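The file target28.txt comes next; it holds compact mmCIF, C-alpha atoms and all ligand atoms.
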```txt
# COMPACT_ATOMS: atom_id res chain seq x y z
CA PRO A 1 -111.16 -101.53 100.05
CA TYR A 2 -110.08 -97.97 99.41
CA LEU A 3 -109.56 -97.05 95.74
CA ASN A 4 -106.51 -94.91 95.13
CA GLY A 5 -107.94 -93.66 91.86
CA LEU A 6 -108.61 -94.72 88.30
CA LEU A 7 -104.93 -95.44 87.65
CA ALA A 8 -104.64 -97.85 90.58
CA PRO A 9 -108.20 -99.18 90.93
CA ASP A 10 -107.29 -102.39 92.74
CA CYS A 11 -104.78 -100.82 95.07
CA GLU A 12 -105.99 -101.09 98.65
CA THR A 13 -104.80 -98.53 101.21
CA PRO A 14 -101.18 -99.41 101.87
CA LYS A 15 -99.81 -99.74 105.37
CA MET A 16 -99.51 -96.43 107.20
CA ASN A 17 -96.07 -94.92 106.83
CA PRO A 18 -94.49 -94.95 110.32
CA VAL A 19 -93.46 -91.29 109.88
CA ILE A 20 -97.11 -90.18 110.27
CA GLU A 21 -97.86 -92.32 113.34
CA PRO A 22 -97.77 -89.25 115.70
CA LEU A 23 -100.69 -87.80 113.67
CA SER A 24 -102.67 -91.03 113.21
CA TRP A 25 -105.32 -89.76 115.67
CA MET A 26 -106.39 -87.27 112.95
CA LEU A 27 -107.13 -89.93 110.32
CA GLY A 28 -110.72 -90.56 109.34
CA THR A 29 -113.93 -88.99 108.10
CA TRP A 30 -115.29 -86.42 110.50
CA LEU A 31 -118.54 -84.43 110.59
CA SER A 32 -119.21 -81.33 112.66
CA ASP A 33 -121.26 -82.21 115.75
CA PRO A 34 -122.52 -79.76 116.92
CA PRO A 35 -122.24 -77.15 114.10
CA GLY A 36 -119.13 -74.98 114.22
CA ASP A 37 -119.04 -71.49 115.71
CA GLY A 38 -117.68 -68.61 113.64
CA ILE A 39 -116.86 -65.30 115.27
CA TYR A 40 -114.71 -62.26 114.62
CA PRO A 41 -114.87 -58.66 115.89
CA THR A 42 -115.97 -57.48 112.42
CA LEU A 43 -118.58 -60.23 111.81
CA GLU A 44 -121.98 -61.30 113.06
CA PRO A 45 -121.49 -64.67 114.80
CA PHE A 46 -122.40 -67.58 112.52
CA HIS A 47 -122.66 -71.36 112.52
CA TYR A 48 -121.47 -73.81 109.91
CA LEU A 49 -121.38 -77.51 109.11
CA GLU A 50 -118.15 -79.12 108.03
CA GLU A 51 -117.15 -82.45 106.47
CA VAL A 52 -113.52 -83.45 106.91
CA HIS A 53 -111.57 -86.24 105.21
CA ILE A 54 -108.10 -87.02 106.50
CA THR A 55 -106.46 -89.93 104.70
CA HIS A 56 -103.10 -91.38 103.73
CA VAL A 57 -101.94 -93.42 100.75
CA GLY A 58 -98.87 -94.92 102.39
CA GLN A 59 -96.78 -91.80 101.86
CA PRO A 60 -95.17 -90.02 104.83
CA MET A 61 -97.93 -87.37 104.90
CA LEU A 62 -101.65 -86.94 105.53
CA ASN A 63 -104.06 -85.71 102.84
CA PHE A 64 -106.92 -83.54 104.03
CA SER A 65 -110.04 -81.76 102.82
CA PHE A 66 -112.26 -79.49 104.89
CA ASN A 67 -115.60 -78.59 103.28
CA ALA A 68 -117.92 -76.19 105.09
CA PHE A 69 -121.65 -75.80 104.41
CA HIS A 70 -124.33 -73.34 105.48
CA PRO A 71 -126.33 -74.98 108.31
CA ASP A 72 -129.74 -74.02 106.87
CA THR A 73 -129.35 -73.79 103.10
CA LYS A 74 -126.59 -76.46 102.98
CA LYS A 75 -124.83 -74.34 100.37
CA PRO A 76 -121.06 -74.85 100.14
CA MET A 77 -119.02 -72.24 101.99
CA HIS A 78 -115.30 -72.30 102.83
CA ARG A 79 -113.29 -75.17 101.31
CA GLU A 80 -109.67 -76.09 101.67
CA CYS A 81 -107.46 -79.06 100.97
CA GLY A 82 -103.83 -79.96 101.31
CA PHE A 83 -101.26 -82.04 103.08
CA ILE A 84 -99.82 -82.40 106.56
CA ARG A 85 -96.16 -83.43 106.68
CA LEU A 86 -94.02 -84.51 109.61
CA LYS A 87 -90.30 -84.01 109.78
CA PRO A 88 -89.05 -87.61 110.26
CA ASP A 89 -87.95 -88.50 113.80
CA SER A 90 -89.32 -85.27 115.23
CA ASN A 91 -92.59 -83.67 116.32
CA LYS A 92 -92.21 -80.85 113.76
CA VAL A 93 -95.22 -80.52 111.47
CA ALA A 94 -95.87 -78.61 108.25
CA PHE A 95 -99.45 -77.97 107.10
CA VAL A 96 -99.92 -76.91 103.46
CA SER A 97 -103.37 -75.70 102.37
CA ALA A 98 -105.10 -74.24 99.31
CA GLN A 99 -108.36 -72.43 100.08
CA ASN A 100 -111.26 -71.59 97.75
CA THR A 101 -110.98 -67.97 98.89
CA GLY A 102 -107.71 -67.64 96.96
CA ILE A 103 -105.38 -68.15 99.92
CA VAL A 104 -102.51 -70.62 99.80
CA GLU A 105 -100.70 -71.06 103.06
CA VAL A 106 -98.00 -72.97 104.90
CA GLU A 107 -98.30 -73.37 108.67
CA GLU A 108 -95.68 -74.96 110.87
CA GLY A 109 -95.69 -76.17 114.45
CA GLU A 110 -95.56 -79.22 116.68
CA VAL A 111 -97.59 -82.25 117.58
CA ASN A 112 -97.57 -83.14 121.28
CA GLY A 113 -99.62 -86.18 122.17
CA GLN A 114 -103.05 -85.70 120.63
CA GLU A 115 -102.69 -81.97 120.08
CA LEU A 116 -101.30 -80.19 117.02
CA CYS A 117 -100.48 -76.46 117.28
CA ILE A 118 -99.44 -74.65 114.10
CA ALA A 119 -99.04 -71.06 112.94
CA SER A 120 -98.65 -69.51 109.52
CA HIS A 121 -95.17 -69.44 108.10
CA SER A 122 -96.19 -68.00 104.74
CA ILE A 123 -99.47 -66.89 103.22
CA ALA A 124 -100.03 -66.12 99.54
CA ARG A 125 -103.26 -64.69 98.15
CA ILE A 126 -104.70 -63.86 94.79
CA SER A 127 -104.06 -60.29 93.62
CA PHE A 128 -107.77 -59.38 93.77
CA ALA A 129 -108.44 -60.80 97.25
CA ALA A 130 -111.16 -58.98 99.20
CA GLU A 131 -110.17 -56.64 102.02
CA PRO A 132 -109.35 -57.06 104.82
CA ARG A 133 -106.52 -59.46 104.08
CA VAL A 134 -105.49 -62.21 106.44
CA GLU A 135 -101.95 -61.65 107.68
CA GLN A 136 -101.43 -64.48 110.21
CA ILE A 137 -103.23 -67.74 110.99
CA MET A 138 -102.98 -70.02 114.03
CA ARG A 139 -104.70 -73.39 114.46
CA THR A 140 -105.01 -76.03 117.10
CA PHE A 141 -106.31 -79.53 116.44
CA ARG A 142 -106.84 -81.91 119.32
CA LEU A 143 -108.52 -85.18 120.08
CA ASN A 144 -110.62 -84.57 123.17
CA ALA A 145 -111.48 -86.96 126.01
CA GLU A 146 -114.67 -88.05 124.18
CA GLY A 147 -112.69 -89.08 121.09
CA ARG A 148 -113.86 -86.07 119.12
CA LEU A 149 -111.61 -83.94 116.96
CA GLU A 150 -111.61 -80.20 117.68
CA GLN A 151 -110.25 -77.39 115.54
CA THR A 152 -109.73 -73.78 116.63
CA VAL A 153 -108.61 -71.14 114.13
CA SER A 154 -107.43 -67.64 115.01
CA MET A 155 -106.25 -65.00 112.58
CA ALA A 156 -104.87 -61.49 112.33
CA THR A 157 -106.01 -59.33 109.44
CA THR A 158 -105.02 -55.92 108.16
CA THR A 159 -107.63 -54.48 110.56
CA GLN A 160 -107.63 -56.86 113.59
CA PRO A 161 -104.96 -58.37 115.84
CA MET A 162 -104.79 -62.16 116.36
CA THR A 163 -108.35 -63.15 117.36
CA GLN A 164 -110.37 -66.35 117.24
CA HIS A 165 -112.38 -66.92 114.01
CA LEU A 166 -113.56 -70.53 114.31
CA HIS A 167 -114.15 -73.33 116.78
CA ILE A 168 -115.61 -76.67 115.78
CA THR A 169 -115.94 -80.19 117.16
CA TYR A 170 -116.17 -83.17 114.82
CA LYS A 171 -117.51 -86.67 115.41
CA LYS A 172 -115.88 -89.59 113.58
CA VAL A 173 -118.19 -91.40 111.16
C1 LIG A 201 -114.85 -63.89 106.91
C2 LIG A 201 -110.41 -65.78 106.73
C3 LIG A 201 -112.25 -70.22 107.39
C4 LIG A 201 -116.70 -68.38 107.26
C5 LIG A 201 -113.49 -64.03 106.84
C6 LIG A 201 -112.56 -62.92 106.67
C7 LIG A 201 -111.32 -63.45 106.61
C8 LIG A 201 -111.45 -64.89 106.74
C9 LIG A 201 -110.01 -62.70 106.43
C10 LIG A 201 -112.93 -61.43 106.60
C11 LIG A 201 -112.96 -60.89 108.02
C12 LIG A 201 -113.34 -59.43 108.10
O1 LIG A 201 -114.16 -58.99 107.28
O2 LIG A 201 -112.85 -58.74 109.02
C13 LIG A 201 -110.53 -67.14 106.92
C14 LIG A 201 -109.41 -68.06 106.96
C15 LIG A 201 -109.93 -69.31 107.15
C16 LIG A 201 -111.37 -69.16 107.21
C17 LIG A 201 -107.96 -67.66 106.82
C18 LIG A 201 -109.24 -70.63 107.29
C19 LIG A 201 -108.01 -70.76 107.78
C20 LIG A 201 -113.61 -70.11 107.39
C21 LIG A 201 -114.52 -71.22 107.52
C22 LIG A 201 -115.76 -70.72 107.48
C23 LIG A 201 -115.65 -69.27 107.34
C24 LIG A 201 -114.14 -72.70 107.67
C25 LIG A 201 -117.01 -71.54 107.57
C26 LIG A 201 -118.07 -71.33 106.87
C27 LIG A 201 -116.57 -67.00 107.14
C28 LIG A 201 -117.71 -66.10 107.02
C29 LIG A 201 -117.19 -64.81 106.93
C30 LIG A 201 -115.73 -64.95 106.99
C31 LIG A 201 -119.19 -66.53 107.01
C32 LIG A 201 -117.99 -63.49 106.79
C33 LIG A 201 -118.55 -63.33 105.45
C34 LIG A 201 -117.51 -63.38 104.39
O3 LIG A 201 -116.57 -62.56 104.44
O4 LIG A 201 -117.58 -64.30 103.55
N1 LIG A 201 -112.79 -65.20 106.89
N2 LIG A 201 -111.70 -67.84 107.06
N3 LIG A 201 -114.32 -68.94 107.29
N4 LIG A 201 -115.41 -66.27 107.12
FE1 LIG A 201 -113.56 -67.05 107.22
```
Once more with this new file: its structure as structure tokens, please.
Ligand code: HEM
Amino acid sequence: PYLNGLLAPDCETPKMNPVIEPLSWMLGTWLSDPPGDGIYPTLEPFHYLEEVHITHVGQPMLNFSFNAFHPDTKKPMHRECGFIRLKPDSNKVAFVSAQNTGIVEVEEGEVNGQELCIASHSIARISFAAEPRVEQIMRTFRLNAEGRLEQTVSMATTTQPMTQHLHITYKKV
């Protein structure tokens, strides 16, 4: 049984809210397999591990956390968590995320079958964020033919046009 927290210790995961059914293929615990690929015109290519938890507590939204680690040292790297909401009776999706880098963002888009395509609608950052600053973000999540979850992230910064930054495949555990 899933524990909802100290305030509701005996509360098992409630039935999935039907509103989130179009995104139910994202639910689960996922681990990068193989390690993710990071690229960008300004960066040396890199690899990373990532642990993903996508859950629900019966509310009409998904809860997510993405936690990246260095493949050799296993030190924590990028981390983000938030919520994915669906507009009821539609395929419109809102993705709300807080990142350890000091970025808070809202992305919006659509789910079509087992593919979710979203793009930034608003991005806020801390006043002392490092340069260059991210100006736009686009992501695609999809469940591939092997039942693996894939995420691709592209971004535009103050120095680069929209370009891919990340691609990763996750295996459900
Ligand atoms: C660098 C944004 C996710 C690893 C950067 C840069 C930006 C950025 C703006 C600086 C690029 C430049 O110098 O031109 C983002 C955004 C993310 C994200 C918006 C999520 C939506 C990740 C993830 C990892 C990662 C999941 C995995 C470890 C790195 C690394 C660098 C970098 C290693 C270069 C070194 C550094 O600046 O820390 N990222 N990133 N990023 N990112 Fe990401």
- Item | Close residues to ligand LIG 201 (chain A) using all atoms listed in the file, limit 9 Å, as a ChimeraX atom specification | /A:36-50,66-70,76-80,97,99,101,103,105,130-139,153-160,165-166
Keeping only C-alpha atoms, write the selected residues as a short mmCIF file (atom, residue, chain, number, x, y, z; two decimals), in the frame of the given file.
```cif
data_model
loop_
_atom_site.label_atom_id
_atom_site.label_comp_id
_atom_site.auth_asym_id
_atom_site.auth_seq_id
_atom_site.Cartn_x
_atom_site.Cartn_y
_atom_site.Cartn_z
CA GLY A 36 -119.13 -74.98 114.22
CA ASP A 37 -119.04 -71.49 115.71
CA GLY A 38 -117.68 -68.61 113.64
CA ILE A 39 -116.86 -65.30 115.27
CA TYR A 40 -114.71 -62.26 114.62
CA PRO A 41 -114.87 -58.66 115.89
CA THR A 42 -115.97 -57.48 112.42
CA LEU A 43 -118.58 -60.23 111.81
CA GLU A 44 -121.98 -61.30 113.06
CA PRO A 45 -121.49 -64.67 114.80
CA PHE A 46 -122.40 -67.58 112.52
CA HIS A 47 -122.66 -71.36 112.52
CA TYR A 48 -121.47 -73.81 109.91
CA LEU A 49 -121.38 -77.51 109.11
CA GLU A 50 -118.15 -79.12 108.03
CA PHE A 66 -112.26 -79.49 104.89
CA ASN A 67 -115.60 -78.59 103.28
CA ALA A 68 -117.92 -76.19 105.09
CA PHE A 69 -121.65 -75.80 104.41
CA HIS A 70 -124.33 -73.34 105.48
CA PRO A 76 -121.06 -74.85 100.14
CA MET A 77 -119.02 -72.24 101.99
CA HIS A 78 -115.30 -72.30 102.83
CA ARG A 79 -113.29 -75.17 101.31
CA GLU A 80 -109.67 -76.09 101.67
CA SER A 97 -103.37 -75.70 102.37
CA GLN A 99 -108.36 -72.43 100.08
CA THR A 101 -110.98 -67.97 98.89
CA ILE A 103 -105.38 -68.15 99.92
CA GLU A 105 -100.70 -71.06 103.06
CA ALA A 130 -111.16 -58.98 99.20
CA GLU A 131 -110.17 -56.64 102.02
CA PRO A 132 -109.35 -57.06 104.82
CA ARG A 133 -106.52 -59.46 104.08
CA VAL A 134 -105.49 -62.21 106.44
CA GLU A 135 -101.95 -61.65 107.68
CA GLN A 136 -101.43 -64.48 110.21
CA ILE A 137 -103.23 -67.74 110.99
CA MET A 138 -102.98 -70.02 114.03
CA ARG A 139 -104.70 -73.39 114.46
CA VAL A 153 -108.61 -71.14 114.13
CA SER A 154 -107.43 -67.64 115.01
CA MET A 155 -106.25 -65.00 112.58
CA ALA A 156 -104.87 -61.49 112.33
CA THR A 157 -106.01 -59.33 109.44
CA THR A 158 -105.02 -55.92 108.16
CA THR A 159 -107.63 -54.48 110.56
CA GLN A 160 -107.63 -56.86 113.59
CA HIS A 165 -112.38 -66.92 114.01
CA LEU A 166 -113.56 -70.53 114.31
#
```
- Query: Between A:His167, A:Arg125, A:His56, A:Lys172, which is the closest to Ser24 in chain A once you count all atoms listed in the file?
  - Reply: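 Comparing A:His167, A:Arg125, A:His56, A:Lys172 against Ser24 in chain A, the winner is A:His56.
Atom pair CA of Phe64 in chain A / CA of Ser127 in chain A has a distance of 25.6 Å (rounded to one decimal).
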- Expected residue set, 12 Å radius at (-99.9, -80.6, 103.9), all atoms listed in the file, as a PyMOL selection string: chain A and resi 20+54-56+59-65+80-87+93-98+104-108+118
- Which residue of A:Pro22, A:Pro161, A:Asn144, A:Gln114 approaches Ser90 in chain A most closely, using only C-alpha atoms: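 Under the stated criterion, the closest residue is A:Pro22.
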- Computed interatomic separation between CA of Lys75 in chain A and CA of Gln164 in chain A (Å):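 About the pair CA of Lys75 in chain A and CA of Gln164 in chain A: they are 23.6 Å apart.
Taking CA of Glu12 in chain A and CA of Gly58 in chain A as the two end points, the separation is 10.1 Å.
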- Item | Distance criterion (only C-alpha atoms): nearest to Met26 in chain A out of A:Gln151, A:Thr73, A:Thr163, A:Ser122 |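 Looking only at the distances to Met26 in chain A, the closest residue turns out to be A:Gln151.
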- Task: Would you mind telling me which residue in A:Asn112, A:Ser120, A:Asn100, A:Asn91 lies nearest to Val19 in chain A when using only C-alpha atoms?
- Result: A:Asn91
- Message: Which residue is closest to Trp25 in chain A? Choose from A:Met162, A:Ile168, A:Val57, A:Val111 and count all atoms listed in the file.
- Response: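 Between A:Met162, A:Ile168, A:Val57, A:Val111, the residue approaching Trp25 in chain A most closely is A:Val111.
The closest residue to Pro88 in chain A, picked from A:Arg148, A:Gly5, A:Ala124, A:Asn17 and counting only C-alpha atoms, is A:Asn17.
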Might I get the box with edges along x, y and z of the file that holds all atoms of range 48-64 of chain A listed there, padded by 3 Å on every side, given as centre and edge lengths in Å to one decimal, as AutoDock Vina command-line options?
```
--center_x -108.3 --center_y -84.4 --center_z 105.3 --size_x 32.3 --size_y 27.1 --size_z 15.2
```
Missing atoms in range 34-53 of chain A should be modelled up to N, CA, C and O atoms and reported as a PDB file, in the frame of the given file.
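Everything below was put into result01.pdb:
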```pdb
ATOM      1  N   PRO A  34    -121.491 -80.583 117.550  1.00  0.00           N
ATOM      2  CA  PRO A  34    -122.520 -79.760 116.920  1.00  0.00           C
ATOM      3  C   PRO A  34    -121.925 -78.874 115.811  1.00  0.00           C
ATOM      4  O   PRO A  34    -120.718 -78.903 115.608  1.00  0.00           O
ATOM      5  N   PRO A  35    -122.770 -78.071 115.117  1.00  0.00           N
ATOM      6  CA  PRO A  35    -122.240 -77.150 114.100  1.00  0.00           C
ATOM      7  C   PRO A  35    -121.155 -76.249 114.675  1.00  0.00           C
ATOM      8  O   PRO A  35    -121.132 -75.958 115.869  1.00  0.00           O
ATOM      9  N   GLY A  36    -120.235 -75.830 113.799  1.00  0.00           N
ATOM     10  CA  GLY A  36    -119.130 -74.980 114.220  1.00  0.00           C
ATOM     11  C   GLY A  36    -119.583 -73.563 114.527  1.00  0.00           C
ATOM     12  O   GLY A  36    -120.625 -73.102 114.043  1.00  0.00           O
ATOM     13  N   ASP A  37    -118.773 -72.888 115.351  1.00  0.00           N
ATOM     14  CA  ASP A  37    -119.040 -71.490 115.710  1.00  0.00           C
ATOM     15  C   ASP A  37    -118.026 -70.597 115.019  1.00  0.00           C
ATOM     16  O   ASP A  37    -116.813 -70.780 115.171  1.00  0.00           O
ATOM     17  N   GLY A  38    -118.536 -69.616 114.267  1.00  0.00           N
ATOM     18  CA  GLY A  38    -117.680 -68.610 113.640  1.00  0.00           C
ATOM     19  C   GLY A  38    -117.890 -67.278 114.330  1.00  0.00           C
ATOM     20  O   GLY A  38    -119.031 -66.891 114.610  1.00  0.00           O
ATOM     21  N   ILE A  39    -116.791 -66.614 114.628  1.00  0.00           N
ATOM     22  CA  ILE A  39    -116.860 -65.300 115.270  1.00  0.00           C
ATOM     23  C   ILE A  39    -115.722 -64.451 114.727  1.00  0.00           C
ATOM     24  O   ILE A  39    -114.769 -64.980 114.149  1.00  0.00           O
ATOM     25  N   TYR A  40    -115.811 -63.174 114.894  1.00  0.00           N
ATOM     26  CA  TYR A  40    -114.710 -62.260 114.620  1.00  0.00           C
ATOM     27  C   TYR A  40    -115.222 -60.865 114.974  1.00  0.00           C
ATOM     28  O   TYR A  40    -116.429 -60.619 114.846  1.00  0.00           O
ATOM     29  N   PRO A  41    -114.375 -59.971 115.446  1.00  0.00           N
ATOM     30  CA  PRO A  41    -114.870 -58.660 115.890  1.00  0.00           C
ATOM     31  C   PRO A  41    -115.656 -57.918 114.802  1.00  0.00           C
ATOM     32  O   PRO A  41    -116.552 -57.127 115.116  1.00  0.00           O
ATOM     33  N   THR A  42    -115.336 -58.190 113.539  1.00  0.00           N
ATOM     34  CA  THR A  42    -115.970 -57.480 112.420  1.00  0.00           C
ATOM     35  C   THR A  42    -117.194 -58.195 111.873  1.00  0.00           C
ATOM     36  O   THR A  42    -117.820 -57.704 110.926  1.00  0.00           O
ATOM     37  N   LEU A  43    -117.521 -59.406 112.422  1.00  0.00           N
ATOM     38  CA  LEU A  43    -118.580 -60.230 111.810  1.00  0.00           C
ATOM     39  C   LEU A  43    -119.696 -60.517 112.788  1.00  0.00           C
ATOM     40  O   LEU A  43    -119.474 -60.592 113.999  1.00  0.00           O
ATOM     41  N   GLU A  44    -120.898 -60.726 112.266  1.00  0.00           N
ATOM     42  CA  GLU A  44    -121.980 -61.300 113.060  1.00  0.00           C
ATOM     43  C   GLU A  44    -121.607 -62.759 113.313  1.00  0.00           C
ATOM     44  O   GLU A  44    -121.178 -63.453 112.377  1.00  0.00           O
ATOM     45  N   PRO A  45    -121.780 -63.248 114.546  1.00  0.00           N
ATOM     46  CA  PRO A  45    -121.490 -64.670 114.800  1.00  0.00           C
ATOM     47  C   PRO A  45    -122.297 -65.553 113.844  1.00  0.00           C
ATOM     48  O   PRO A  45    -123.427 -65.210 113.481  1.00  0.00           O
ATOM     49  N   PHE A  46    -121.701 -66.669 113.440  1.00  0.00           N
ATOM     50  CA  PHE A  46    -122.400 -67.580 112.520  1.00  0.00           C
ATOM     51  C   PHE A  46    -122.088 -69.016 112.885  1.00  0.00           C
ATOM     52  O   PHE A  46    -121.170 -69.286 113.664  1.00  0.00           O
ATOM     53  N   HIS A  47    -122.890 -69.925 112.336  1.00  0.00           N
ATOM     54  CA  HIS A  47    -122.660 -71.360 112.520  1.00  0.00           C
ATOM     55  C   HIS A  47    -122.388 -71.985 111.166  1.00  0.00           C
ATOM     56  O   HIS A  47    -122.789 -71.438 110.135  1.00  0.00           O
ATOM     57  N   TYR A  48    -121.719 -73.110 111.164  1.00  0.00           N
ATOM     58  CA  TYR A  48    -121.470 -73.810 109.910  1.00  0.00           C
ATOM     59  C   TYR A  48    -121.321 -75.301 110.153  1.00  0.00           C
ATOM     60  O   TYR A  48    -121.002 -75.746 111.252  1.00  0.00           O
ATOM     61  N   LEU A  49    -121.617 -76.058 109.097  1.00  0.00           N
ATOM     62  CA  LEU A  49    -121.380 -77.510 109.110  1.00  0.00           C
ATOM     63  C   LEU A  49    -120.060 -77.746 108.399  1.00  0.00           C
ATOM     64  O   LEU A  49    -119.667 -76.967 107.536  1.00  0.00           O
ATOM     65  N   GLU A  50    -119.388 -78.836 108.750  1.00  0.00           N
ATOM     66  CA  GLU A  50    -118.150 -79.120 108.030  1.00  0.00           C
ATOM     67  C   GLU A  50    -117.921 -80.631 107.935  1.00  0.00           C
ATOM     68  O   GLU A  50    -118.126 -81.358 108.903  1.00  0.00           O
ATOM     69  N   GLU A  51    -117.505 -81.049 106.734  1.00  0.00           N
ATOM     70  CA  GLU A  51    -117.150 -82.450 106.470  1.00  0.00           C
ATOM     71  C   GLU A  51    -115.647 -82.509 106.230  1.00  0.00           C
ATOM     72  O   GLU A  51    -115.109 -81.755 105.418  1.00  0.00           O
ATOM     73  N   VAL A  52    -114.982 -83.381 106.950  1.00  0.00           N
ATOM     74  CA  VAL A  52    -113.520 -83.450 106.910  1.00  0.00           C
ATOM     75  C   VAL A  52    -113.089 -84.866 106.517  1.00  0.00           C
ATOM     76  O   VAL A  52    -113.614 -85.848 107.058  1.00  0.00           O
ATOM     77  N   HIS A  53    -112.175 -84.947 105.581  1.00  0.00           N
ATOM     78  CA  HIS A  53    -111.570 -86.240 105.210  1.00  0.00           C
ATOM     79  C   HIS A  53    -110.074 -86.135 105.432  1.00  0.00           C
ATOM     80  O   HIS A  53    -109.428 -85.255 104.844  1.00  0.00           O
TER      81      HIS A  53
END
```
